[in-house]
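File shown: run_15.cif. Contents: mmCIF, C-alpha atoms and all ligand atoms.
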```cif
data_run
#
loop_
_atom_site.group_PDB
_atom_site.id
_atom_site.type_symbol
_atom_site.label_atom_id
_atom_site.label_comp_id
_atom_site.auth_asym_id
_atom_site.auth_seq_id
_atom_site.Cartn_x
_atom_site.Cartn_y
_atom_site.Cartn_z
ATOM 1 C CA MET A 1 -8.987 -15.926 -11.890
ATOM 2 C CA GLU A 2 -5.285 -15.613 -11.187
ATOM 3 C CA THR A 3 -3.646 -15.509 -7.776
ATOM 4 C CA LEU A 4 -0.264 -14.042 -6.937
ATOM 5 C CA THR A 5 1.776 -16.334 -4.709
ATOM 6 C CA ILE A 6 4.944 -15.029 -3.109
ATOM 7 C CA SER A 7 7.173 -17.430 -1.213
ATOM 8 C CA GLY A 8 10.272 -16.797 0.870
ATOM 9 C CA LEU A 9 11.121 -13.435 -0.708
ATOM 10 C CA SER A 10 14.308 -11.920 0.759
ATOM 11 C CA LYS A 11 16.432 -8.941 -0.176
ATOM 12 C CA THR A 12 19.482 -7.413 1.483
ATOM 13 C CA TYR A 13 20.905 -4.265 -0.120
ATOM 14 C CA THR A 14 24.657 -3.870 -0.571
ATOM 15 C CA ASN A 15 24.733 -1.478 2.415
ATOM 16 C CA GLY A 16 23.624 -4.384 4.623
ATOM 17 C CA VAL A 17 19.980 -3.304 5.091
ATOM 18 C CA GLN A 18 17.681 -6.312 4.965
ATOM 19 C CA ALA A 19 14.613 -4.839 3.259
ATOM 20 C CA LEU A 20 12.725 -8.150 2.879
ATOM 21 C CA SER A 21 13.075 -11.176 5.103
ATOM 22 C CA ASN A 22 11.417 -14.403 3.996
ATOM 23 C CA VAL A 23 8.149 -12.774 2.891
ATOM 24 C CA SER A 24 5.396 -15.208 1.897
ATOM 25 C CA LEU A 25 1.931 -13.994 0.860
ATOM 26 C CA THR A 26 -0.981 -15.197 -1.233
ATOM 27 C CA ILE A 27 -2.797 -12.362 -2.978
ATOM 28 C CA PRO A 28 -6.119 -13.006 -4.738
ATOM 29 C CA VAL A 29 -8.053 -10.844 -7.206
ATOM 30 C CA GLY A 30 -9.380 -7.772 -5.359
ATOM 31 C CA MET A 31 -7.785 -5.005 -3.361
ATOM 32 C CA PHE A 32 -4.831 -5.985 -1.218
ATOM 33 C CA GLY A 33 -3.536 -3.379 1.251
ATOM 34 C CA LEU A 34 0.092 -3.231 2.267
ATOM 35 C CA LEU A 35 0.670 -1.355 5.518
ATOM 36 C CA GLY A 36 3.938 -0.637 7.257
ATOM 37 C CA PRO A 37 5.974 2.246 8.692
ATOM 38 C CA ASN A 38 8.611 4.148 6.701
ATOM 39 C CA GLY A 39 11.395 1.824 5.662
ATOM 40 C CA ALA A 40 9.332 -1.340 6.274
ATOM 41 C CA GLY A 41 10.167 -2.705 2.827
ATOM 42 C CA LYS A 42 6.908 -1.949 0.985
ATOM 43 C CA SER A 43 8.489 -0.292 -2.044
ATOM 44 C CA THR A 44 11.168 -2.965 -2.275
ATOM 45 C CA PHE A 45 8.422 -5.602 -2.227
ATOM 46 C CA MET A 46 6.407 -3.806 -4.901
ATOM 47 C CA ARG A 47 9.359 -3.080 -7.173
ATOM 48 C CA THR A 48 10.390 -6.724 -6.941
ATOM 49 C CA ILE A 49 6.932 -7.941 -7.972
ATOM 50 C CA ALA A 50 6.911 -5.330 -10.741
ATOM 51 C CA THR A 51 10.107 -7.054 -12.050
ATOM 52 C CA LEU A 52 12.137 -3.864 -11.562
ATOM 53 C CA GLN A 53 14.604 -5.382 -9.123
ATOM 54 C CA GLU A 54 15.854 -8.823 -8.214
ATOM 55 C CA PRO A 55 15.374 -10.482 -4.829
ATOM 56 C CA ASP A 56 18.193 -12.535 -3.313
ATOM 57 C CA LYS A 57 15.858 -15.451 -2.681
ATOM 58 C CA GLY A 58 12.250 -16.500 -3.153
ATOM 59 C CA THR A 59 9.648 -17.054 -5.850
ATOM 60 C CA ILE A 60 6.757 -15.037 -7.261
ATOM 61 C CA ILE A 61 4.097 -16.942 -9.196
ATOM 62 C CA LEU A 62 1.280 -15.160 -11.039
ATOM 63 C CA GLY A 63 -1.353 -17.740 -11.968
ATOM 64 C CA GLU A 64 0.871 -20.411 -13.518
ATOM 65 C CA THR A 65 3.718 -18.082 -14.493
ATOM 66 C CA ASP A 66 7.026 -17.836 -12.654
ATOM 67 C CA VAL A 67 7.396 -14.037 -12.621
ATOM 68 C CA LEU A 68 11.156 -13.921 -12.025
ATOM 69 C CA LYS A 69 11.866 -16.349 -14.859
ATOM 70 C CA ASN A 70 9.437 -14.796 -17.357
ATOM 71 C CA LYS A 71 9.781 -11.068 -16.804
ATOM 72 C CA HIS A 72 8.962 -10.007 -20.373
ATOM 73 C CA GLN A 73 5.837 -12.118 -20.454
ATOM 74 C CA VAL A 74 4.693 -10.827 -17.046
ATOM 75 C CA ARG A 75 5.338 -7.173 -17.950
ATOM 76 C CA LYS A 76 2.586 -7.502 -20.557
ATOM 77 C CA LYS A 77 0.090 -8.252 -17.769
ATOM 78 C CA LEU A 78 1.416 -5.802 -15.231
ATOM 79 C CA GLY A 79 0.645 -2.174 -14.413
ATOM 80 C CA TYR A 80 2.760 -0.176 -11.969
ATOM 81 C CA LEU A 81 2.306 3.268 -10.497
ATOM 82 C CA PRO A 82 5.461 4.110 -8.534
ATOM 83 C CA GLN A 83 5.571 6.381 -5.491
ATOM 84 C CA GLU A 84 7.120 9.192 -7.533
ATOM 85 C CA PHE A 85 5.461 9.301 -10.915
ATOM 86 C CA GLY A 86 6.975 12.077 -13.024
ATOM 87 C CA VAL A 87 5.197 13.546 -16.036
ATOM 88 C CA TYR A 88 6.491 15.824 -18.793
ATOM 89 C CA PRO A 89 4.828 19.139 -17.855
ATOM 90 C CA ARG A 90 4.723 20.619 -21.365
ATOM 91 C CA VAL A 91 3.009 17.676 -23.011
ATOM 92 C CA SER A 92 -0.722 16.944 -23.031
ATOM 93 C CA ALA A 93 -2.202 13.819 -21.447
ATOM 94 C CA ASP A 94 -3.367 12.657 -24.870
ATOM 95 C CA VAL A 95 0.089 12.956 -26.445
ATOM 96 C CA LEU A 96 1.981 11.402 -23.523
ATOM 97 C CA LEU A 97 -0.419 8.485 -23.139
ATOM 98 C CA ASN A 98 -0.134 7.772 -26.873
ATOM 99 C CA HIS A 99 3.636 7.941 -26.604
ATOM 100 C CA LEU A 100 3.720 5.578 -23.606
ATOM 101 C CA ALA A 101 1.380 3.213 -25.459
ATOM 102 C CA VAL A 102 3.859 3.020 -28.351
ATOM 103 C CA LEU A 103 6.673 2.296 -25.870
ATOM 104 C CA LYS A 104 4.561 -0.522 -24.425
ATOM 105 C CA GLY A 105 4.248 -2.069 -27.878
ATOM 106 C CA ILE A 106 0.785 -0.881 -28.945
ATOM 107 C CA THR A 107 1.953 0.061 -32.423
ATOM 108 C CA ASN A 108 -1.315 -0.206 -34.376
ATOM 109 C CA LYS A 109 -2.545 3.396 -34.561
ATOM 110 C CA LYS A 110 -6.272 2.653 -34.700
ATOM 111 C CA GLU A 111 -6.064 0.246 -31.753
ATOM 112 C CA ARG A 112 -3.902 2.695 -29.813
ATOM 113 C CA THR A 113 -6.263 5.624 -30.386
ATOM 114 C CA GLU A 114 -9.144 3.569 -29.057
ATOM 115 C CA ILE A 115 -7.253 2.321 -25.982
ATOM 116 C CA VAL A 116 -6.021 5.818 -25.115
ATOM 117 C CA LYS A 117 -9.492 7.310 -25.511
ATOM 118 C CA ALA A 118 -11.083 4.604 -23.361
ATOM 119 C CA LEU A 119 -8.475 5.081 -20.609
ATOM 120 C CA LEU A 120 -8.858 8.864 -20.607
ATOM 121 C CA TYR A 121 -12.586 8.358 -20.152
ATOM 122 C CA LYS A 122 -12.086 5.750 -17.449
ATOM 123 C CA THR A 123 -9.824 8.031 -15.439
ATOM 124 C CA ASN A 124 -12.132 11.007 -16.001
ATOM 125 C CA LEU A 125 -9.474 13.000 -17.874
ATOM 126 C CA TYR A 126 -11.003 13.007 -21.345
ATOM 127 C CA GLU A 127 -12.305 16.578 -21.153
ATOM 128 C CA LYS A 128 -8.851 17.807 -20.115
ATOM 129 C CA ARG A 129 -6.867 15.560 -22.472
ATOM 130 C CA LYS A 130 -5.465 18.475 -24.539
ATOM 131 C CA LYS A 131 -4.195 20.367 -21.492
ATOM 132 C CA ASN A 132 -0.511 20.170 -20.600
ATOM 133 C CA LEU A 133 0.205 17.817 -17.706
ATOM 134 C CA GLY A 134 1.976 20.658 -15.903
ATOM 135 C CA SER A 135 -1.430 22.286 -15.367
ATOM 136 C CA TYR A 136 -2.939 19.134 -13.791
ATOM 137 C CA SER A 137 -3.720 18.911 -10.057
ATOM 138 C CA GLY A 138 -2.025 16.208 -7.946
ATOM 139 C CA GLY A 139 -5.109 13.994 -8.205
ATOM 140 C CA MET A 140 -5.332 14.388 -11.965
ATOM 141 C CA LYS A 141 -1.654 13.474 -12.298
ATOM 142 C CA GLN A 142 -2.246 10.347 -10.221
ATOM 143 C CA ARG A 143 -5.241 9.410 -12.376
ATOM 144 C CA PHE A 144 -3.003 9.888 -15.396
ATOM 145 C CA GLY A 145 -0.502 7.588 -13.660
ATOM 146 C CA ILE A 146 -3.212 4.950 -13.370
ATOM 147 C CA ALA A 147 -4.175 5.450 -17.029
ATOM 148 C CA GLN A 148 -0.607 4.630 -18.116
ATOM 149 C CA ALA A 149 -0.504 1.655 -15.719
ATOM 150 C CA LEU A 150 -3.659 0.289 -17.383
ATOM 151 C CA LEU A 151 -2.402 0.528 -20.978
ATOM 152 C CA LEU A 152 -1.904 -3.204 -21.336
ATOM 153 C CA ASN A 153 -5.114 -4.113 -19.496
ATOM 154 C CA PRO A 154 -3.130 -5.701 -16.638
ATOM 155 C CA THR A 155 -4.215 -8.598 -14.461
ATOM 156 C CA LEU A 156 -1.879 -7.269 -11.764
ATOM 157 C CA LEU A 157 -1.845 -3.599 -10.785
ATOM 158 C CA ILE A 158 0.657 -2.271 -8.264
ATOM 159 C CA VAL A 159 0.192 1.203 -6.773
ATOM 160 C CA ASP A 160 2.670 2.624 -4.301
ATOM 161 C CA GLU A 161 1.178 5.250 -1.937
ATOM 162 C CA PRO A 162 -1.013 6.738 -4.658
ATOM 163 C CA THR A 163 -3.086 9.153 -2.568
ATOM 164 C CA ALA A 164 -0.302 10.929 -0.652
ATOM 165 C CA GLY A 165 -0.986 14.656 -0.919
ATOM 166 C CA LEU A 166 -4.439 14.349 -2.508
ATOM 167 C CA ASP A 167 -7.408 16.263 -1.133
ATOM 168 C CA PRO A 168 -10.331 14.159 0.187
ATOM 169 C CA ALA A 169 -12.422 14.511 -2.986
ATOM 170 C CA GLU A 170 -9.576 13.438 -5.260
ATOM 171 C CA ARG A 171 -8.687 10.619 -2.888
ATOM 172 C CA ASN A 172 -12.266 9.401 -3.096
ATOM 173 C CA ARG A 173 -12.295 9.565 -6.868
ATOM 174 C CA PHE A 174 -9.033 7.653 -7.008
ATOM 175 C CA HIS A 175 -10.322 4.992 -4.611
ATOM 176 C CA ASN A 176 -13.490 4.523 -6.651
ATOM 177 C CA LEU A 177 -11.370 3.930 -9.708
ATOM 178 C CA LEU A 178 -9.198 1.346 -7.936
ATOM 179 C CA ASN A 179 -12.278 -0.309 -6.511
ATOM 180 C CA GLU A 180 -13.837 -0.653 -9.963
ATOM 181 C CA LEU A 181 -10.635 -2.146 -11.348
ATOM 182 C CA SER A 182 -10.288 -4.621 -8.512
ATOM 183 C CA ALA A 183 -13.354 -6.595 -9.625
ATOM 184 C CA ALA A 184 -11.200 -8.419 -12.166
ATOM 185 C CA THR A 185 -7.644 -7.424 -11.222
ATOM 186 C CA ILE A 186 -5.194 -8.075 -8.414
ATOM 187 C CA VAL A 187 -4.608 -4.572 -7.032
ATOM 188 C CA ILE A 188 -1.781 -4.155 -4.530
ATOM 189 C CA LEU A 189 -2.040 -0.847 -2.725
ATOM 190 C CA SER A 190 0.692 0.394 -0.431
ATOM 191 C CA THR A 191 -0.346 3.152 1.939
ATOM 192 C CA HIS A 192 0.248 4.803 5.307
ATOM 193 C CA ILE A 193 -3.462 5.452 5.717
ATOM 194 C CA VAL A 194 -4.810 2.606 7.825
ATOM 195 C CA GLU A 195 -8.454 3.674 7.328
ATOM 196 C CA ASP A 196 -8.098 3.308 3.559
ATOM 197 C CA VAL A 197 -7.171 -0.340 3.954
ATOM 198 C CA LYS A 198 -10.160 -0.967 6.205
ATOM 199 C CA GLU A 199 -12.540 0.698 3.766
ATOM 200 C CA LEU A 200 -11.138 -0.602 0.494
ATOM 201 C CA CYS A 201 -9.287 -3.865 0.917
ATOM 202 C CA THR A 202 -10.566 -7.394 1.276
ATOM 203 C CA SER A 203 -7.144 -8.600 2.334
ATOM 204 C CA MET A 204 -4.011 -6.987 3.674
ATOM 205 C CA ALA A 205 -0.582 -7.468 5.188
ATOM 206 C CA ILE A 206 1.275 -5.467 7.801
ATOM 207 C CA ILE A 207 5.009 -5.481 7.248
ATOM 208 C CA CYS A 208 7.772 -4.094 9.416
ATOM 209 C CA ASN A 209 11.543 -4.424 9.131
ATOM 210 C CA GLY A 210 11.019 -6.554 6.017
ATOM 211 C CA LYS A 211 8.882 -9.157 7.804
ATOM 212 C CA VAL A 212 5.175 -9.936 7.498
ATOM 213 C CA LEU A 213 3.665 -9.397 10.949
ATOM 214 C CA LEU A 214 0.062 -10.119 10.040
ATOM 215 C CA THR A 215 -1.958 -11.021 6.971
ATOM 216 C CA GLY A 216 -5.671 -11.584 6.422
ATOM 217 C CA ASN A 217 -8.970 -9.783 6.150
ATOM 218 C CA PRO A 218 -8.930 -6.312 7.814
ATOM 219 C CA LEU A 219 -12.355 -6.735 9.440
ATOM 220 C CA GLN A 220 -11.380 -10.147 10.785
ATOM 221 C CA ALA A 221 -8.167 -8.665 12.200
ATOM 222 C CA ILE A 222 -10.264 -6.070 14.063
ATOM 223 C CA GLU A 223 -12.594 -8.821 15.294
ATOM 224 C CA ASP A 224 -9.583 -10.740 16.629
ATOM 225 C CA ILE A 225 -8.596 -7.923 19.022
ATOM 226 C CA LYS A 226 -12.163 -7.083 20.038
ATOM 227 C CA GLY A 227 -12.382 -6.488 23.805
ATOM 228 C CA LYS A 228 -8.604 -6.137 24.142
ATOM 229 C CA ILE A 229 -8.185 -2.411 23.558
ATOM 230 C CA PHE A 230 -8.481 -0.064 26.531
ATOM 231 C CA SER A 231 -8.312 3.695 26.673
ATOM 232 C CA LYS A 232 -7.590 6.336 29.285
ATOM 233 C CA VAL A 233 -7.264 10.109 29.335
ATOM 234 C CA ILE A 234 -4.079 11.118 31.103
ATOM 235 C CA LYS A 235 -2.118 14.331 31.574
ATOM 236 C CA LYS A 236 0.668 14.930 29.097
ATOM 237 C CA SER A 237 3.161 14.886 31.977
ATOM 238 C CA GLN A 238 2.058 11.353 32.972
ATOM 239 C CA HIS A 239 2.851 9.876 29.557
ATOM 240 C CA GLU A 240 6.313 8.650 30.465
ATOM 241 C CA THR A 241 5.112 6.923 33.652
ATOM 242 C CA TYR A 242 2.334 5.136 31.765
ATOM 243 C CA ASN A 243 4.708 4.246 28.956
ATOM 244 C CA GLU A 244 6.939 2.463 31.466
ATOM 245 C CA GLN A 245 4.021 0.494 32.863
ATOM 246 C CA TYR A 246 1.964 -0.335 29.742
ATOM 247 C CA THR A 247 2.442 -0.961 26.054
ATOM 248 C CA ILE A 248 0.880 2.190 24.690
ATOM 249 C CA ILE A 249 -0.151 1.403 21.139
ATOM 250 C CA ALA A 250 -1.600 4.792 20.302
ATOM 251 C CA ASP A 251 -1.858 8.242 21.763
ATOM 252 C CA ARG A 252 -3.472 11.442 20.618
ATOM 253 C CA LEU A 253 -4.102 14.856 22.063
ATOM 254 C CA PHE A 254 -7.607 15.764 23.110
ATOM 255 C CA GLN A 255 -8.263 19.236 24.492
ATOM 256 C CA GLY A 256 -4.796 19.515 25.952
ATOM 257 C CA ASN A 257 -4.843 16.046 27.541
ATOM 258 C CA THR A 258 -3.568 12.807 26.072
ATOM 259 C CA VAL A 259 -5.787 9.836 25.208
ATOM 260 C CA ILE A 260 -3.828 6.589 25.253
ATOM 261 C CA HIS A 261 -4.790 3.162 23.912
ATOM 262 C CA ILE A 262 -3.274 0.000 25.325
ATOM 263 C CA PHE A 263 -3.584 -3.658 24.359
ATOM 264 C CA SER A 264 -4.549 -6.020 27.174
ATOM 265 C CA ASP A 265 -5.933 -9.571 27.276
ATOM 266 C CA GLY A 266 -7.822 -8.772 30.492
ATOM 267 C CA ASP A 267 -9.227 -5.647 32.197
ATOM 268 C CA PRO A 268 -6.146 -3.609 33.176
ATOM 269 C CA GLY A 269 -8.078 -1.668 35.888
ATOM 270 C CA ASN A 270 -6.480 1.628 36.936
ATOM 271 C CA GLY A 271 -9.248 3.668 35.274
ATOM 272 C CA PHE A 272 -8.828 2.203 31.784
ATOM 273 C CA LYS A 273 -12.079 1.804 29.818
ATOM 274 C CA PRO A 274 -12.695 -0.723 27.040
ATOM 275 C CA VAL A 275 -13.042 0.874 23.591
ATOM 276 C CA GLU A 276 -14.136 -0.399 20.210
ATOM 277 C CA ALA A 277 -11.052 -1.649 18.392
ATOM 278 C CA ASP A 278 -10.141 -0.280 14.993
ATOM 279 C CA LEU A 279 -7.659 -1.259 12.308
ATOM 280 C CA SER A 280 -5.200 1.341 13.626
ATOM 281 C CA ASP A 281 -5.235 -0.577 16.946
ATOM 282 C CA VAL A 282 -4.461 -3.777 15.028
ATOM 283 C CA TYR A 283 -1.699 -1.968 13.152
ATOM 284 C CA PHE A 284 -0.046 -0.332 16.159
ATOM 285 C CA SER A 285 -0.313 -3.392 18.391
ATOM 286 C CA GLN A 286 1.542 -5.333 15.696
ATOM 287 C CA ILE A 287 4.126 -2.619 15.071
ATOM 288 C CA PHE A 288 4.805 -1.951 18.753
ATOM 289 C CA GLY A 289 4.889 -5.648 19.522
ATOM 290 C CA GLN A 290 7.672 -5.745 16.974
ATOM 291 C CA PHE A 291 9.641 -2.808 18.335
ATOM 292 C CA THR A 292 9.554 -3.690 22.020
ATOM 293 C CA SER A 293 12.008 -6.502 22.628
ATOM 294 C CA VAL A 294 10.438 -7.286 26.007
ATOM 295 C CA LYS A 295 6.654 -6.910 26.282
ATOM 296 C CA LYS A 296 5.767 -4.419 28.925
ATOM 297 C CA GLN A 297 3.397 -5.317 31.713
ATOM 298 C CA TYR A 298 -0.198 -4.639 30.690
HETATM 299 N N1 LIG A 301 18.559 1.060 -3.193
HETATM 300 C C1 LIG A 301 18.707 0.928 -1.893
HETATM 301 N N2 LIG A 301 19.931 0.754 -1.355
HETATM 302 C C2 LIG A 301 20.082 0.598 -0.027
HETATM 303 N N3 LIG A 301 19.069 0.573 0.880
HETATM 304 C C3 LIG A 301 17.838 0.734 0.401
HETATM 305 C C4 LIG A 301 17.584 0.927 -1.001
HETATM 306 N N4 LIG A 301 16.245 1.054 -1.176
HETATM 307 C C5 LIG A 301 15.703 0.950 0.051
HETATM 308 N N5 LIG A 301 16.654 0.763 0.987
HETATM 309 C C6 LIG A 301 16.426 0.563 2.430
HETATM 310 O O1 LIG A 301 15.623 -0.604 2.575
HETATM 311 C C7 LIG A 301 14.653 -0.435 3.594
HETATM 312 C C8 LIG A 301 13.262 -0.626 2.996
HETATM 313 O O2 LIG A 301 13.010 0.456 2.109
HETATM 314 P P1 LIG A 301 11.665 0.593 1.272
HETATM 315 O O3 LIG A 301 11.791 1.842 0.440
HETATM 316 O O4 LIG A 301 11.405 -0.673 0.565
HETATM 317 O O5 LIG A 301 10.600 0.807 2.440
HETATM 318 P P2 LIG A 301 9.124 1.423 2.408
HETATM 319 O O6 LIG A 301 8.320 0.597 3.315
HETATM 320 O O7 LIG A 301 8.665 1.563 1.000
HETATM 321 O O8 LIG A 301 9.335 2.858 3.038
HETATM 322 P P3 LIG A 301 8.475 4.221 2.782
HETATM 323 O O9 LIG A 301 7.148 4.024 3.396
HETATM 324 O O10 LIG A 301 9.313 5.237 3.508
HETATM 325 O O11 LIG A 301 8.438 4.455 1.299
HETATM 326 C C9 LIG A 301 14.889 0.959 4.164
HETATM 327 O O12 LIG A 301 15.701 0.825 5.299
HETATM 328 C C10 LIG A 301 15.618 1.692 3.067
HETATM 329 O O13 LIG A 301 16.465 2.690 3.577
#
```
Go ahead and render the structure in this file as structure tokens.
Amino acid sequence: METLTISGLSKTYTNGVQALSNVSLTIPVGMFGLLGPNGAGKSTFMRTIATLQEPDKGTIILGETDVLKNKHQVRKKLGYLPQEFGVYPRVSADVLLNHLAVLKGITNKKERTEIVKALLYKTNLYEKRKKNLGSYSGGMKQRFGIAQALLLNPTLLIVDEPTAGLDPAERNRFHNLLNELSAATIVILSTHIVEDVKELCTSMAIICNGKVLLTGNPLQAIEDIKGKIFSKVIKKSQHETYNEQYTIIADRLFQGNTVIHIFSDGDPGNGFKPVEADLSDVYFSQIFGQFTSVKKQY
């Protein structure tokens, strides 16, 4: 099975923003989660792999193929669902998928009819195939987006924040579909939902300011910070004082008070209690480690 190998990928936009800085990752078949805050460089990374924009430096190898030197060849094995996937509202799923199939070079009518039918079944849209896309729910539109991304039976599928705005049932349905596909496909999933990566992905990367901060198996990453996350309930008014003293990696309101999480190699005392670490603790300890130029005293 093919592996995607990215080495030294860098991109600076003309406005001076460095969106990718020497990114190197090895991505095997299965679900790969890409986590990072707004502006981290996730979309730039995904568009570059999808051959839609050029990096300044670096290589992308899919199996044996140099992606940047063989874009046309790679596009035949690639499916991409961008963050904003627009559909023509007055056209049915059946008609638009057929049309997109022609654009992707599936010109034999019999073959095309079969592929389109199979994909509408796979994405659970067959019953509604004659309905205009304008009448589809957000989740149905996203499943249609996946159907078009699968037209060429890709070995590499790239999906950029696909579940934003979906209700829990649709999100589940969408995840099941991705999970099924990932048995034989490299699926790169960019998301803000840390839990999704823990539940779905066998490998992941956290990126921030265009740099890879951490890569590996999500459960292993949690294991690595086991025993190092401590929690305390404080008053809202105390937040600033604690923030000066500790690196707060997460806070949330609980019945009017604030629960803070901090990262510490040893017991910090001062009423902090050890808590079971989660992937969000991994994520925020990486992100905040990045943002604070000088590590605060734990
Ligand atoms: N075409 C462009 N021209 C100039 N700057 C850009 C362009 N596209 C993105 N950027 C900048 O590059 C950085 C990375 O953007 P990118 O969209 O790749 O991040 P992201 O992680 O996908 O963010 P989000 O989660 O908000 O979608 C940001 O600072 C963004 O403003």
> Distance CA of Val187 in chain A-CA of Val29 in chain A, one decimal place?
Replying inline: 7.2 Å
List the spatial neighbours of Thr163 in chain A as a PDB file with C-alpha atoms, in the coordinates of the input - criterion: any atom at most 10 Å away, only C-alpha atoms, same-chain residues fewer than 2 positions off excluded.
```pdb
ATOM      1  CA  GLN A  83       5.571   6.381  -5.491  1.00  0.00           C
ATOM      2  CA  GLY A 138      -2.025  16.208  -7.946  1.00  0.00           C
ATOM      3  CA  GLY A 139      -5.109  13.994  -8.205  1.00  0.00           C
ATOM      4  CA  GLN A 142      -2.246  10.347 -10.221  1.00  0.00           C
ATOM      5  CA  VAL A 159       0.192   1.203  -6.773  1.00  0.00           C
ATOM      6  CA  ASP A 160       2.670   2.624  -4.301  1.00  0.00           C
ATOM      7  CA  GLU A 161       1.178   5.250  -1.937  1.00  0.00           C
ATOM      8  CA  GLY A 165      -0.986  14.656  -0.919  1.00  0.00           C
ATOM      9  CA  LEU A 166      -4.439  14.349  -2.508  1.00  0.00           C
ATOM     10  CA  ASP A 167      -7.408  16.263  -1.133  1.00  0.00           C
ATOM     11  CA  PRO A 168     -10.331  14.159   0.187  1.00  0.00           C
ATOM     12  CA  GLU A 170      -9.576  13.438  -5.260  1.00  0.00           C
ATOM     13  CA  ARG A 171      -8.687  10.619  -2.888  1.00  0.00           C
ATOM     14  CA  ASN A 172     -12.266   9.401  -3.096  1.00  0.00           C
ATOM     15  CA  PHE A 174      -9.033   7.653  -7.008  1.00  0.00           C
ATOM     16  CA  HIS A 175     -10.322   4.992  -4.611  1.00  0.00           C
ATOM     17  CA  SER A 190       0.692   0.394  -0.431  1.00  0.00           C
ATOM     18  CA  THR A 191      -0.346   3.152   1.939  1.00  0.00           C
ATOM     19  CA  HIS A 192       0.248   4.803   5.307  1.00  0.00           C
ATOM     20  CA  ILE A 193      -3.462   5.452   5.717  1.00  0.00           C
ATOM     21  CA  ASP A 196      -8.098   3.308   3.559  1.00  0.00           C
TER      22      ASP A 196
END
```
Expansion of the PyMOL selection byres (((not hetatm)) within 12 of (chain A and resi 301)) into residues, as a short mmCIF file (atom, residue, chain, number, x, y, z; two decimals) with C-alpha atoms, in the frame of the given file:
```cif
data_model
loop_
_atom_site.label_atom_id
_atom_site.label_comp_id
_atom_site.auth_asym_id
_atom_site.auth_seq_id
_atom_site.Cartn_x
_atom_site.Cartn_y
_atom_site.Cartn_z
CA SER A 10 14.31 -11.92 0.76
CA LYS A 11 16.43 -8.94 -0.18
CA THR A 12 19.48 -7.41 1.48
CA TYR A 13 20.90 -4.26 -0.12
CA THR A 14 24.66 -3.87 -0.57
CA ASN A 15 24.73 -1.48 2.42
CA GLY A 16 23.62 -4.38 4.62
CA VAL A 17 19.98 -3.30 5.09
CA GLN A 18 17.68 -6.31 4.96
CA ALA A 19 14.61 -4.84 3.26
CA LEU A 20 12.72 -8.15 2.88
CA SER A 21 13.08 -11.18 5.10
CA LEU A 34 0.09 -3.23 2.27
CA LEU A 35 0.67 -1.36 5.52
CA GLY A 36 3.94 -0.64 7.26
CA PRO A 37 5.97 2.25 8.69
CA ASN A 38 8.61 4.15 6.70
CA GLY A 39 11.40 1.82 5.66
CA ALA A 40 9.33 -1.34 6.27
CA GLY A 41 10.17 -2.70 2.83
CA LYS A 42 6.91 -1.95 0.98
CA SER A 43 8.49 -0.29 -2.04
CA THR A 44 11.17 -2.96 -2.28
CA PHE A 45 8.42 -5.60 -2.23
CA MET A 46 6.41 -3.81 -4.90
CA ARG A 47 9.36 -3.08 -7.17
CA THR A 48 10.39 -6.72 -6.94
CA LEU A 52 12.14 -3.86 -11.56
CA GLN A 53 14.60 -5.38 -9.12
CA GLU A 54 15.85 -8.82 -8.21
CA PRO A 55 15.37 -10.48 -4.83
CA PRO A 82 5.46 4.11 -8.53
CA GLN A 83 5.57 6.38 -5.49
CA GLU A 84 7.12 9.19 -7.53
CA VAL A 159 0.19 1.20 -6.77
CA ASP A 160 2.67 2.62 -4.30
CA GLU A 161 1.18 5.25 -1.94
CA PRO A 162 -1.01 6.74 -4.66
CA ALA A 164 -0.30 10.93 -0.65
CA LEU A 189 -2.04 -0.85 -2.72
CA SER A 190 0.69 0.39 -0.43
CA THR A 191 -0.35 3.15 1.94
CA HIS A 192 0.25 4.80 5.31
CA ILE A 193 -3.46 5.45 5.72
CA ILE A 206 1.27 -5.47 7.80
CA ILE A 207 5.01 -5.48 7.25
CA CYS A 208 7.77 -4.09 9.42
CA ASN A 209 11.54 -4.42 9.13
CA GLY A 210 11.02 -6.55 6.02
CA LYS A 211 8.88 -9.16 7.80
CA VAL A 212 5.18 -9.94 7.50
#
```
> So which residues get picked by the PyMOL selection byres (((chain A and resi 129) around 10) and not hetatm) here, written as a PyMOL selection string?
Replying inline: chain A and resi 92-97+117+120-121+124-128+130-133+144
> For this file, the PyMOL selection byres (((chain A and resi 145) around 9) and not hetatm) selects which residues, as a list in words?
Replying inline: Tyr80, Leu81, Pro82, Phe85, Gly86, Val87, Met140, Lys141, Gln142, Arg143, Phe144, Ile146, Ala147, Gln148, Ala149 and Leu150 of chain A
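Taking all atoms listed in the file, the non-local environment of Asn270 in chain A within 12 Å (same-chain residues fewer than 5 positions away omitted) comprises A:Phe230, A:Ser231, A:Lys232, A:Val233, A:Ile234, A:Tyr242, A:Gln245, A:Tyr246, A:Tyr298.
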